[in-house]
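Okay, structure first, notes after.
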Amino acid sequence: MSIRGSVLVLVIGTLVAMLSPLTANAQEPAEGVTCTMPESDAEALVILNNFYPGYWWDHTDLTVAVQAHPSATEAQVDAIGDAIQTWSDVLEDCFDGLITLTQVERRQDADIVVHYVPTAGGVVFGGFAICGAHRCPNLLVRSDLPPSLDRDPYDPEYLGWVTLHELGHALGLGHATNLLESYDLMGYGWPEFGDPVLSQCDVNALAFVFAWALEGSDPYPPAEGPYVCDTA
């Protein structure tokens, strides 16, 4: 799953905006979720397992490593690390340690490897998740657009947002069904329609994906989606 390079060309808001104070009509957490996150305008979220059988986790203590191109700057590597830490903190807060995402040094020890390749994807994507049965070994994130597009490279802040989006895919979330209009983290509408939001619907959909873990049962695939966001 990808964010298209043609969509990701504008500078977006800060990471703090994603975790900003909630509005009065924030969505209610799903059963088993212990946090309250901001709402977004996502109508529903696709569940990737419904389209790619086997694309779900059979364990919850997930690990992630970063493989950065030799040309990567400290700011770029930090932005990728901050994205990982953001998901790690959200999972800890929302699932009380039942689902975790821990950064490790060695990619051989990681369930997920984030590969930062500045020119990956050409004009096709800004990020790409390559996942399979019960694992998601490779995420590609990029920053440099082809010279023919005459656009500046993504700044580190934007690279962090791309990484956040692709990590959402790695966890099992698909795109918002109102893809081009949604500023949800799993949409493509940010920043045109608003700063991207890691929302209550994103977290509730993860509870849907990891229902077996919340029930304390043996692992089983997610139910049929999409997961409908409750914005009432």
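Chain labels follow the order of the structure tokens: the first chain is A, the next B, and so on; residue numbering restarts at 1 in every chain, and ligands are counted from 1 in their shown order.
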
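When the distance limit is 8 Å and only C-alpha atoms are what count, the residues near Ala223 (chain A), minus those fewer than 5 positions from it on the same chain, are Asn50, Phe208 and Val209 of chain A.
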
Contact table region 56-108 of chain A vs region 115-133 of chain A, cut-off 6 Å, shortest pair per residue, only C-alpha atoms, as a tab-separated table:
residue	atom	partner	partner_atom	distance
A:Gln67	CA	A:His115	CA	4.8
A:Ala68	CA	A:Tyr116	CA	4.8
A:His69	CA	A:Val117	CA	5.6

Task: Backbone DSSP call of strand (DSSP E) for region 34-186 of chain A, listed as a PyMOL selection string - done: chain A and resi 44-47+61-68+100-103+112-116+127-132+135-141+173-176

Give me, as JSON lines, the closest atom pair and its distance (Å, one decimal) for every residue of region 75-101 of chain A within a cut-off of 12 Å of region 137-141 of chain A, counting only C-alpha atoms, rows sorted by chain and rising number.
{"residue": "A:Gln76", "atom": "CA", "partner": "A:Val141", "partner_atom": "CA", "distance": 10.9}
{"residue": "A:Val77", "atom": "CA", "partner": "A:Val141", "partner_atom": "CA", "distance": 11.3}
{"residue": "A:Ala79", "atom": "CA", "partner": "A:Val141", "partner_atom": "CA", "distance": 11.6}
{"residue": "A:Ile80", "atom": "CA", "partner": "A:Val141", "partner_atom": "CA", "distance": 9.2}
{"residue": "A:Ala83", "atom": "CA", "partner": "A:Val141", "partner_atom": "CA", "distance": 12.0}

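When CA of Leu98 (chain A) is paired with CA of Val66 (chain A), their separation reads 23.2 Å.
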
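Nearest-residue note for Ala176 (chain A): choosing from A:Pro147, A:Gly189, A:Pro38, A:Gly160, the minimum distance belongs to A:Gly189, counting only C-alpha atoms.
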
Open item on the list: If you run DSSP on the backbone here, which positions in chain A get alpha helix (DSSP H)? Please write them as a ChimeraX atom specification.
Closed with: /A:15-18,74-95,156-171,200-209,211-215

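The residue that comes closest to Glu181 (chain A), out of A:Asp41, A:Asp89, A:Glu74, A:Asp155 and on the basis of only C-alpha atoms, is A:Asp41.
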
Task: Nearest to Trp161 (chain A) by atom-to-atom distance, counting only C-alpha atoms, from A:Cys201, A:Leu149, A:Leu101, A:Ile84 - done: A:Ile84

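Closest approach to Asp96 (chain A) among A:Val64, A:Val33, A:Val203, A:Leu185 is made by A:Val33 (distances from only C-alpha atoms).
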
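Residue nearest Ala75 (chain A) within the list A:Asp144, A:Glu224, A:Glu157, A:Asp202: A:Glu157 [criterion: smallest interatomic distance, only C-alpha atoms].
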